[in-house]
$ cat target30.cif   # mmCIF, C-alpha atoms
data_target
#
loop_
_atom_site.label_atom_id
_atom_site.label_comp_id
_atom_site.auth_asym_id
_atom_site.auth_seq_id
_atom_site.Cartn_x
_atom_site.Cartn_y
_atom_site.Cartn_z
CA MET N 1 -96.02 -32.90 147.51
CA ASN N 2 -97.45 -29.35 147.57
CA ARG N 3 -101.22 -29.06 147.62
CA ARG N 4 -102.53 -27.39 144.49
CA THR N 5 -105.00 -24.59 143.93
CA TYR N 6 -107.39 -24.48 140.98
CA TYR N 7 -109.29 -21.65 139.33
CA ALA N 8 -113.09 -21.92 139.47
CA PRO N 9 -115.65 -19.43 138.11
CA HIS N 10 -118.14 -17.81 140.49
CA GLY N 11 -120.45 -16.12 138.01
CA GLY N 12 -121.86 -12.64 138.51
CA HIS N 13 -121.84 -9.82 135.98
CA PRO N 14 -119.29 -7.11 135.14
CA PRO N 15 -120.27 -3.48 135.71
CA GLN N 16 -121.94 -1.44 132.97
CA THR N 17 -118.73 0.61 132.71
CA GLN N 18 -116.62 -2.33 131.52
CA LEU N 19 -115.43 -2.50 127.91
CA LEU N 20 -117.22 -5.04 125.72
CA SER N 21 -114.17 -6.46 123.96
CA ASP N 22 -112.38 -9.48 125.42
CA ARG N 23 -110.16 -12.36 124.28
CA ALA N 24 -112.95 -14.67 123.05
CA VAL N 25 -112.12 -16.34 119.72
CA PHE N 26 -114.13 -18.89 117.74
CA THR N 27 -112.68 -20.30 114.52
CA GLU N 28 -112.98 -23.51 112.49
CA ALA N 29 -109.71 -24.77 113.97
CA TYR N 30 -109.85 -23.59 117.58
CA ALA N 31 -111.81 -21.59 120.13
CA VAL N 32 -110.80 -19.60 123.20
CA ILE N 33 -113.48 -19.00 125.83
CA PRO N 34 -111.94 -16.62 128.39
CA LYS N 35 -112.85 -16.68 132.05
CA GLY N 36 -114.54 -13.27 131.78
CA VAL N 37 -117.50 -14.76 129.90
CA PHE N 38 -118.51 -17.16 132.68
CA GLY N 39 -121.23 -14.92 134.08
CA ASP N 40 -124.69 -15.71 135.39
CA ILE N 41 -126.35 -15.11 132.03
CA VAL N 42 -124.57 -18.02 130.33
CA THR N 43 -125.35 -20.74 132.88
CA SER N 44 -127.54 -23.77 132.15
CA ASN N 45 -129.62 -26.28 134.12
CA LEU N 46 -129.96 -30.05 133.82
CA PRO N 47 -132.81 -32.49 134.51
CA PHE N 48 -132.75 -34.19 137.91
CA TRP N 49 -130.04 -31.93 139.36
CA GLU N 50 -131.07 -29.89 142.41
CA GLY N 51 -129.37 -26.70 143.59
CA THR N 52 -127.15 -26.83 140.52
CA ARG N 53 -126.14 -24.65 137.61
CA LEU N 54 -123.40 -25.20 135.05
CA TRP N 55 -121.32 -23.58 132.35
CA VAL N 56 -121.12 -25.61 129.14
CA LEU N 57 -117.58 -25.32 127.78
CA ALA N 58 -117.90 -27.69 124.83
CA ARG N 59 -120.56 -29.83 123.15
CA PRO N 60 -120.72 -31.91 119.97
CA LEU N 61 -121.63 -29.43 117.27
CA SER N 62 -120.95 -29.00 113.57
CA GLY N 63 -117.79 -26.93 113.32
CA PHE N 64 -116.96 -27.36 117.01
CA ALA N 65 -116.26 -30.24 119.40
CA GLU N 66 -116.94 -33.63 117.83
CA THR N 67 -116.11 -36.24 120.46
CA PHE N 68 -116.95 -34.81 123.90
CA SER N 69 -118.83 -32.36 126.06
CA GLN N 70 -117.41 -30.53 129.08
CA TYR N 71 -119.16 -28.64 131.86
CA ILE N 72 -118.16 -26.69 134.94
CA MET N 73 -120.73 -27.72 137.54
CA GLU N 74 -121.66 -25.54 140.54
CA VAL N 75 -123.65 -27.35 143.22
CA ALA N 76 -125.00 -25.49 146.25
CA PRO N 77 -125.04 -26.98 149.76
CA GLY N 78 -127.62 -29.76 149.84
CA GLY N 79 -127.72 -29.93 146.05
CA GLY N 80 -126.79 -32.77 143.74
CA SER N 81 -128.45 -35.52 141.77
CA GLU N 82 -129.71 -39.07 142.17
CA ARG N 83 -129.89 -39.40 138.36
CA PRO N 84 -126.90 -37.41 137.08
CA GLU N 85 -126.30 -39.17 133.75
CA LEU N 86 -129.23 -40.03 131.49
CA ASP N 87 -127.21 -41.56 128.62
CA PRO N 88 -126.31 -45.21 129.38
CA GLU N 89 -123.49 -45.13 126.82
CA ALA N 90 -121.78 -42.04 128.27
CA GLU N 91 -118.55 -42.34 130.23
CA GLY N 92 -117.43 -39.47 132.39
CA VAL N 93 -114.63 -37.84 134.34
CA LEU N 94 -115.26 -35.58 137.34
CA PHE N 95 -112.52 -33.23 138.56
CA VAL N 96 -113.10 -31.01 141.61
CA VAL N 97 -111.62 -27.51 141.49
CA GLU N 98 -113.27 -25.96 144.58
CA GLY N 99 -115.18 -27.20 147.60
CA GLU N 100 -116.06 -30.79 148.39
CA MET N 101 -118.75 -33.33 147.60
CA THR N 102 -119.79 -36.93 148.09
CA LEU N 103 -119.75 -39.23 145.06
CA THR N 104 -121.63 -42.48 145.56
CA LEU N 105 -120.47 -45.01 143.00
CA ALA N 106 -122.04 -48.49 142.92
CA GLY N 107 -123.19 -47.91 146.49
CA GLU N 108 -119.76 -46.87 147.80
CA ARG N 109 -119.35 -43.31 149.12
CA HIS N 110 -116.27 -41.28 148.14
CA HIS N 111 -115.39 -37.91 149.64
CA MET N 112 -113.98 -35.67 146.92
CA ALA N 113 -112.21 -32.35 147.60
CA ALA N 114 -110.13 -30.06 145.35
CA GLY N 115 -107.94 -32.21 143.12
CA GLY N 116 -110.35 -35.13 143.36
CA TYR N 117 -110.73 -37.13 140.13
CA ALA N 118 -113.23 -39.85 139.28
CA PHE N 119 -113.59 -41.98 136.17
CA ILE N 120 -117.14 -43.26 135.64
CA PRO N 121 -117.69 -46.00 133.02
CA PRO N 122 -120.84 -46.10 130.89
CA GLY N 123 -123.90 -47.60 132.55
CA SER N 124 -122.63 -46.90 136.07
CA ASP N 125 -124.88 -46.41 139.08
CA TRP N 126 -123.72 -43.13 140.63
CA GLN N 127 -124.96 -40.09 142.53
CA VAL N 128 -123.51 -36.74 143.64
CA ARG N 129 -124.42 -34.73 146.74
CA ASN N 130 -122.93 -31.59 148.31
CA GLU N 131 -123.04 -32.26 152.04
CA ALA N 132 -120.79 -29.29 152.90
CA ASP N 133 -121.65 -25.70 153.87
CA SER N 134 -120.35 -24.00 150.71
CA PRO N 135 -120.73 -24.63 146.95
CA VAL N 136 -118.67 -27.25 145.17
CA ARG N 137 -117.40 -26.64 141.65
CA PHE N 138 -116.14 -29.42 139.42
CA HIS N 139 -115.53 -30.31 135.79
CA TRP N 140 -117.61 -33.00 134.15
CA VAL N 141 -116.21 -34.38 130.89
CA ARG N 142 -118.55 -36.72 128.97
CA LYS N 143 -117.93 -38.93 125.96
CA ALA N 144 -119.92 -41.63 124.18
CA TYR N 145 -117.84 -44.70 124.96
CA GLU N 146 -116.63 -46.56 121.86
CA ARG N 147 -116.95 -50.26 122.62
CA VAL N 148 -114.62 -52.76 120.95
CA GLU N 149 -115.44 -56.45 120.75
CA GLY N 150 -112.97 -58.37 122.88
CA LEU N 151 -112.11 -55.40 125.12
CA ALA N 152 -113.72 -55.01 128.53
CA VAL N 153 -115.03 -51.63 129.66
CA PRO N 154 -112.52 -50.07 132.09
CA GLU N 155 -113.45 -50.06 135.75
CA ALA N 156 -114.38 -46.99 137.80
CA PHE N 157 -111.87 -45.35 140.12
CA VAL N 158 -111.56 -42.31 142.40
CA VAL N 159 -108.20 -40.66 143.18
CA ASN N 160 -106.72 -37.24 143.95
CA GLU N 161 -104.16 -35.42 141.85
CA ASN N 162 -102.06 -34.67 144.91
CA ASP N 163 -101.41 -38.39 145.38
CA ILE N 164 -100.04 -38.96 141.86
CA ALA N 165 -96.50 -38.12 140.77
CA PRO N 166 -96.32 -36.31 137.40
CA ASN N 167 -94.45 -37.93 134.51
CA GLU N 168 -91.70 -35.70 133.13
CA MET N 169 -91.55 -35.31 129.37
CA PRO N 170 -88.21 -36.58 127.98
CA ASP N 171 -85.40 -34.06 127.50
CA THR N 172 -87.20 -31.25 129.38
CA GLU N 173 -85.40 -31.45 132.77
CA GLY N 174 -88.80 -31.62 134.44
CA ARG N 175 -90.00 -28.30 133.03
CA TRP N 176 -92.89 -30.05 131.20
CA ALA N 177 -94.77 -32.86 132.96
CA THR N 178 -98.08 -34.71 132.71
CA THR N 179 -100.14 -36.12 135.56
CA ARG N 180 -101.73 -39.24 134.06
CA PHE N 181 -104.72 -40.86 135.73
CA VAL N 182 -104.78 -43.97 133.51
CA ASP N 183 -102.05 -46.02 131.85
CA PRO N 184 -101.59 -44.74 128.26
CA ALA N 185 -101.09 -48.35 127.14
CA ASP N 186 -104.51 -49.41 128.47
CA VAL N 187 -106.49 -49.40 125.22
CA ARG N 188 -109.76 -50.07 127.03
CA HIS N 189 -109.81 -46.31 127.58
CA ASP N 190 -110.87 -44.23 124.57
CA MET N 191 -110.24 -40.87 126.24
CA HIS N 192 -107.60 -39.40 128.52
CA VAL N 193 -108.23 -36.52 130.88
CA ASN N 194 -104.84 -35.50 132.28
CA ILE N 195 -103.20 -32.48 133.90
CA VAL N 196 -100.28 -30.86 132.09
CA THR N 197 -97.81 -28.65 133.98
CA PHE N 198 -95.22 -26.24 132.56
CA GLN N 199 -92.73 -24.48 134.78
CA PRO N 200 -92.14 -20.75 134.08
CA GLY N 201 -90.38 -20.35 130.74
CA ALA N 202 -91.06 -23.92 129.59
CA VAL N 203 -92.31 -24.48 126.05
CA ILE N 204 -93.85 -26.96 123.68
CA PRO N 205 -90.96 -26.48 121.24
CA PHE N 206 -92.82 -27.41 118.03
CA ASP N 207 -96.32 -27.10 116.59
CA GLU N 208 -98.04 -30.34 117.54
CA THR N 209 -100.28 -31.41 114.65
CA HIS N 210 -102.12 -34.65 115.33
CA VAL N 211 -105.37 -36.57 115.14
CA MET N 212 -106.51 -35.97 118.73
CA GLU N 213 -109.17 -33.41 119.55
CA HIS N 214 -108.41 -31.34 122.65
CA GLY N 215 -110.23 -29.49 125.37
CA LEU N 216 -107.94 -27.47 127.68
CA TYR N 217 -109.09 -25.68 130.84
CA VAL N 218 -106.39 -23.54 132.46
CA LEU N 219 -106.21 -24.39 136.14
CA GLU N 220 -103.33 -22.12 137.11
CA GLY N 221 -100.95 -19.55 135.65
CA LYS N 222 -100.73 -17.96 132.22
CA ALA N 223 -99.13 -18.61 128.83
CA VAL N 224 -99.04 -17.66 125.19
CA TYR N 225 -100.47 -20.33 122.88
CA HIS N 226 -99.68 -20.71 119.19
CA LEU N 227 -102.85 -22.00 117.51
CA ASN N 228 -103.13 -22.41 113.76
CA GLN N 229 -100.58 -19.58 113.19
CA ASP N 230 -102.27 -17.25 115.70
CA TRP N 231 -100.76 -16.22 119.04
CA VAL N 232 -103.29 -15.99 121.87
CA GLU N 233 -102.78 -15.20 125.54
CA VAL N 234 -104.49 -17.45 128.07
CA GLU N 235 -104.70 -17.50 131.85
CA ALA N 236 -106.29 -19.42 134.71
CA GLY N 237 -110.00 -19.87 134.09
CA ASP N 238 -109.80 -19.83 130.27
CA PHE N 239 -110.94 -22.76 128.11
CA MET N 240 -109.54 -23.76 124.71
CA TRP N 241 -110.97 -26.18 122.17
CA LEU N 242 -108.57 -27.45 119.49
CA ARG N 243 -109.83 -29.33 116.46
CA ALA N 244 -107.99 -32.44 115.35
CA PHE N 245 -104.82 -31.47 113.47
CA CYS N 246 -104.91 -27.86 114.69
CA PRO N 247 -101.23 -26.81 115.07
CA GLN N 248 -100.51 -26.07 118.72
CA ALA N 249 -97.58 -24.97 120.85
CA CYS N 250 -97.17 -22.81 123.95
CA TYR N 251 -94.79 -20.74 126.06
CA ALA N 252 -95.39 -20.60 129.81
CA GLY N 253 -95.15 -17.02 130.97
CA GLY N 254 -94.67 -17.35 134.74
CA PRO N 255 -94.18 -16.22 137.42
CA GLY N 256 -95.67 -19.52 138.62
CA PRO N 257 -96.47 -22.81 136.88
CA PHE N 258 -98.88 -22.96 133.96
CA ARG N 259 -101.28 -25.91 134.36
CA TYR N 260 -104.31 -27.16 132.49
CA LEU N 261 -106.83 -29.99 132.51
CA LEU N 262 -106.52 -31.72 129.12
CA TYR N 263 -109.07 -33.90 127.31
CA LYS N 264 -108.13 -35.95 124.25
CA ASP N 265 -109.69 -38.88 122.38
CA VAL N 266 -107.35 -41.88 122.02
CA ASN N 267 -106.96 -45.57 121.19
CA ARG N 268 -109.64 -45.98 118.52
CA HIS N 269 -109.75 -46.20 114.72
CA PRO N 270 -111.00 -43.00 113.09
CA LYS N 271 -114.52 -43.40 111.74
CA LEU N 272 -114.51 -43.86 107.96
CA ARG N 273 -118.01 -42.54 107.35
CA LEU N 274 -119.08 -39.08 108.46
CA GLY N 275 -121.87 -39.43 110.98
CA GLY N 276 -121.46 -43.21 110.98
CA ARG N 277 -119.28 -45.95 112.33
#
$ encode --input "target30.cif" --output "structure tokens"
Amino acid sequence: MNRRTYYAPHGGHPPQTQLLSDRAVFTEAYAVIPKGVFGDIVTSNLPFWEGTRLWVLARPLSGFAETFSQYIMEVAPGGGSERPELDPEAEGVLFVVEGEMTLTLAGERHHMAAGGYAFIPPGSDWQVRNEADSPVRFHWVRKAYERVEGLAVPEAFVVNENDIAPNEMPDTEGRWATTRFVDPADVRHDMHVNIVTFQPGAVIPFDETHVMEHGLYVLEGKAVYHLNQDWVEVEAGDFMWLRAFCPQACYAGGPGPFRYLLYKDVNRHPKLRLGGR
């Protein structure tokens, strides 16, 4: 299987001669955060992380993401954290897009390079350290795990995308495929973080309108997305947030594949009281 490449931001600032306007869009139904906004001025820091900065792509917020947060982490050589997650009820997914790092999970060390994926259950004992000579950049998706009486919490695992065969969508001749890291029928999981791949010219041939909230980070390629009756162009490095029930479809523009990292909440009853359980 071909090794993949992934877009990762490097920060910096555009020159003073650059036009101000860009493709950024923020609406009640969706948002597009283009790669051009990931400059130094919009980075954040976290407690107990050394040699680290991050771009916050999504956070729970009225009128924005409701079920998850997502960061792009940038950890310098020697940097990392012995206390990365301070919320004992938070589960997480790490996905490496550039560089390499060591994830220590329940005392076991895992080397993670580009394409590396880790699922971390709530309450886990884990640490991250960049032991290489160049920065590592990775996505960190966090969600408050929704426990269900009678269901065990899913176990941790570490894999690499390059070792998993994508699942072709029916009736698409392989033009649309999803790399799934957990079994969709495993209802212990209340979120999926997958990779979706469209070959040049492939489409989502109808406006999907469903209960799942989405976060999409474009790893490779470009496309035109149909969001709530608006057409928007997206490319590698862009992030999209889609509210539950936001109509969505896309057309992959080529010349290469269009691929994105996709978050969605799954396998739980919708809450019947706003702000409650």
$ residues_around --input "target30.cif" --residues "Gly80 of chain N" --least-positions-apart "4" --cutoff "6 Å" --atoms "all atoms listed in the file" --output "list in words"
Trp49, Glu50, Val128 and Arg129 of chain N
$ resolve_selection --input "target30.cif" --expression "the PyMOL selection byres ((chain N and resi 93) around 9)" --output "ChimeraX atom specification"
/N:91-92,94-95,117-121,139-142,193
$ write_last_selection --input "target30.cif" --atoms "C-alpha atoms" --output "mmCIF file, in the frame of the given file"
data_model
loop_
_atom_site.group_PDB
_atom_site.id
_atom_site.type_symbol
_atom_site.label_atom_id
_atom_site.label_comp_id
_atom_site.auth_asym_id
_atom_site.auth_seq_id
_atom_site.Cartn_x
_atom_site.Cartn_y
_atom_site.Cartn_z
ATOM 1 C CA GLU N 91 -118.550 -42.340 130.230
ATOM 2 C CA GLY N 92 -117.430 -39.470 132.390
ATOM 3 C CA LEU N 94 -115.260 -35.580 137.340
ATOM 4 C CA PHE N 95 -112.520 -33.230 138.560
ATOM 5 C CA TYR N 117 -110.730 -37.130 140.130
ATOM 6 C CA ALA N 118 -113.230 -39.850 139.280
ATOM 7 C CA PHE N 119 -113.590 -41.980 136.170
ATOM 8 C CA ILE N 120 -117.140 -43.260 135.640
ATOM 9 C CA PRO N 121 -117.690 -46.000 133.020
ATOM 10 C CA HIS N 139 -115.530 -30.310 135.790
ATOM 11 C CA TRP N 140 -117.610 -33.000 134.150
ATOM 12 C CA VAL N 141 -116.210 -34.380 130.890
ATOM 13 C CA ARG N 142 -118.550 -36.720 128.970
ATOM 14 C CA VAL N 193 -108.230 -36.520 130.880
#
$ resolve_selection --input "target30.cif" --expression "the PyMOL selection byres ((chain N and resi 191) around 10)" --output "PyMOL selection string"
chain N and resi 67-68+91-93+141-146+182+184+187-190+192-194+212+263-268
$ atom_distance --input "target30.cif" --atom1 "atom CA of Gly115 of chain N" --atom2 "atom CA of Leu227 of chain N"
28.0 Å
$ atom_distance --input "target30.cif" --atom1 "atom CA of Ile41 of chain N" --atom2 "atom CA of Phe138 of chain N"
19.1 Å
$ residues_around --input "target30.cif" --residues "Phe48 of chain N" --least-positions-apart "5" --cutoff "7 Å" --atoms "all atoms listed in the file" --output "PDB file with C-alpha atoms, keeping the file's coordinate frame"
ATOM      1  CA  SER N  81    -128.450 -35.520 141.770  1.00  0.00           C
ATOM      2  CA  ARG N  83    -129.890 -39.400 138.360  1.00  0.00           C
ATOM      3  CA  PRO N  84    -126.900 -37.410 137.080  1.00  0.00           C
TER       4      PRO N  84
END
$ axis_aligned_box --input "target30.cif" --around "segment 199-212 of chain N" --padding-each-side "6 Å" --output "lines of an AutoDock Vina configuration file"
center_x = -98.4
center_y = -28.5
center_z = 124.7
size_x = 28.1
size_y = 28.2
size_z = 32.1
$ closest_residue --input "target30.cif" --among "N:Phe198, N:Pro15, N:Ala29, N:Pro9" --to "Val42 of chain N" --atoms "all atoms listed in the file"
N:Pro9
$ residues_near_point --input "target30.cif" --point "(-120.1, -51.5, 132.9)" --cutoff "9 Å" --atoms "only C-alpha atoms" --output "list in words"
Pro121, Pro122, Gly123, Ser124, Ala152, Val153, Pro154, Glu155 and Ala156 of chain N
$ resolve_selection --input "target30.cif" --expression "the PyMOL selection byres ((chain N and resi 235) around 10)" --output "number ranges by chain"
N: 7, 34-35, 217-224, 233-234, 236-239, 253, 258-260
$ residues_around --input "target30.cif" --residues "Val37 of chain N" --least-positions-apart "4" --cutoff "9 Å" --atoms "only C-alpha atoms" --output "PyMOL selection string"
chain N and resi 11+13+22+24+33+42
$ closest_residue --input "target30.cif" --among "N:Ala31, N:Val211, N:Ala58, N:Leu86" --to "His269 of chain N" --atoms "all atoms listed in the file"
N:Val211
$ residues_around --input "target30.cif" --residues "Asp230 of chain N" --least-positions-apart "5" --cutoff "12 Å" --atoms "all atoms listed in the file" --output "PyMOL selection string"
chain N and resi 25+27+29-32+207+224-225+246-250
$ closest_residue --input "target30.cif" --among "N:Arg4, N:Arg59, N:His10, N:His214" --to "Ala76 of chain N" --atoms "all atoms listed in the file"
N:His10
$ closest_residue --input "target30.cif" --among "N:Ala106, N:Leu20, N:Ile204, N:Ile72" --to "Ser44 of chain N" --atoms "all atoms listed in the file"
N:Ile72
$ closest_residue --input "target30.cif" --among "N:Val159, N:Leu151, N:Pro47, N:Gly39" --to "Asp186 of chain N" --atoms "all atoms listed in the file"
N:Leu151
$ atom_distance --input "target30.cif" --atom1 "atom CA of His226 of chain N" --atom2 "atom CA of Thr172 of chain N"
19.3 Å
$ closest_residue --input "target30.cif" --among "N:Met240, N:Ala65, N:Met73, N:Val158" --to "Arg23 of chain N" --atoms "all atoms listed in the file"
N:Met240
$ residues_around --input "target30.cif" --residues "Arg109 of chain N" --least-positions-apart "3" --cutoff "10 Å" --atoms "all atoms listed in the file" --output "number ranges by chain"
N: 102-106, 112, 126-128
$ write_last_selection --input "target30.cif" --atoms "C-alpha atoms" --output "mmCIF file, in the coordinates of the input"
data_model
loop_
_atom_site.group_PDB
_atom_site.id
_atom_site.type_symbol
_atom_site.label_atom_id
_atom_site.label_comp_id
_atom_site.auth_asym_id
_atom_site.auth_seq_id
_atom_site.Cartn_x
_atom_site.Cartn_y
_atom_site.Cartn_z
ATOM 1 C CA THR N 102 -119.790 -36.930 148.090
ATOM 2 C CA LEU N 103 -119.750 -39.230 145.060
ATOM 3 C CA THR N 104 -121.630 -42.480 145.560
ATOM 4 C CA LEU N 105 -120.470 -45.010 143.000
ATOM 5 C CA ALA N 106 -122.040 -48.490 142.920
ATOM 6 C CA MET N 112 -113.980 -35.670 146.920
ATOM 7 C CA TRP N 126 -123.720 -43.130 140.630
ATOM 8 C CA GLN N 127 -124.960 -40.090 142.530
ATOM 9 C CA VAL N 128 -123.510 -36.740 143.640
#
$ decode --input "target30.cif" --residues "segment 90-106 of chain N" --atoms "N, CA, C and O atoms" --output "CSV table (one decimal), in the first residue's frame"
chain,number,residue,atom,x,y,z
N,90,ALA,N,-12.4,12.5,29.8
N,90,ALA,CA,-12.2,12.7,28.4
N,90,ALA,C,-11.5,11.5,27.7
N,90,ALA,O,-10.5,11.0,28.2
N,91,GLU,N,-12.1,11.1,26.6
N,91,GLU,CA,-11.4,10.2,25.7
N,91,GLU,C,-10.7,11.0,24.6
N,91,GLU,O,-11.0,12.2,24.4
N,92,GLY,N,-9.8,10.3,23.9
N,92,GLY,CA,-9.1,11.1,22.9
N,92,GLY,C,-8.6,10.2,21.8
N,92,GLY,O,-8.5,9.0,21.9
N,93,VAL,N,-8.4,10.9,20.6
N,93,VAL,CA,-7.7,10.2,19.5
N,93,VAL,C,-6.6,11.1,19.1
N,93,VAL,O,-6.7,12.4,19.0
N,94,LEU,N,-5.4,10.5,18.9
N,94,LEU,CA,-4.2,11.2,18.4
N,94,LEU,C,-4.0,10.7,17.0
N,94,LEU,O,-4.0,9.5,16.7
N,95,PHE,N,-3.7,11.6,16.0
N,95,PHE,CA,-3.4,11.3,14.6
N,95,PHE,C,-2.2,12.1,14.2
N,95,PHE,O,-2.3,13.3,14.1
N,96,VAL,N,-1.1,11.5,13.8
N,96,VAL,CA,0.2,12.2,13.5
N,96,VAL,C,0.1,12.5,12.0
N,96,VAL,O,-0.1,11.6,11.2
N,97,VAL,N,0.4,13.8,11.7
N,97,VAL,CA,0.4,14.2,10.3
N,97,VAL,C,1.9,14.6,9.9
N,97,VAL,O,2.1,14.6,8.7
N,98,GLU,N,2.8,14.8,10.8
N,98,GLU,CA,4.2,15.1,10.4
N,98,GLU,C,5.1,14.9,11.6
N,98,GLU,O,4.8,15.2,12.7
N,99,GLY,N,6.3,14.3,11.3
N,99,GLY,CA,7.2,14.0,12.3
N,99,GLY,C,6.9,12.7,13.0
N,99,GLY,O,6.2,11.8,12.5
N,100,GLU,N,7.5,12.5,14.2
N,100,GLU,CA,7.4,11.3,15.0
N,100,GLU,C,7.4,11.6,16.5
N,100,GLU,O,8.0,12.6,16.9
N,101,MET,N,6.9,10.7,17.3
N,101,MET,CA,6.8,11.0,18.7
N,101,MET,C,6.7,9.6,19.4
N,101,MET,O,6.4,8.6,18.8
N,102,THR,N,6.9,9.6,20.7
N,102,THR,CA,6.7,8.5,21.6
N,102,THR,C,5.5,8.7,22.4
N,102,THR,O,5.4,9.6,23.2
N,103,LEU,N,4.5,7.8,22.3
N,103,LEU,CA,3.4,7.8,23.2
N,103,LEU,C,3.6,6.6,24.2
N,103,LEU,O,3.7,5.5,23.8
N,104,THR,N,3.5,7.0,25.5
N,104,THR,CA,3.6,6.0,26.5
N,104,THR,C,2.2,5.8,27.1
N,104,THR,O,1.6,6.8,27.6
N,105,LEU,N,1.7,4.6,27.0
N,105,LEU,CA,0.3,4.3,27.3
N,105,LEU,C,0.3,3.2,28.3
N,105,LEU,O,0.7,2.1,27.9
N,106,ALA,N,-0.2,3.4,29.5
N,106,ALA,CA,-0.2,2.4,30.6
N,106,ALA,C,1.2,1.8,30.7
N,106,ALA,O,1.3,0.6,30.9
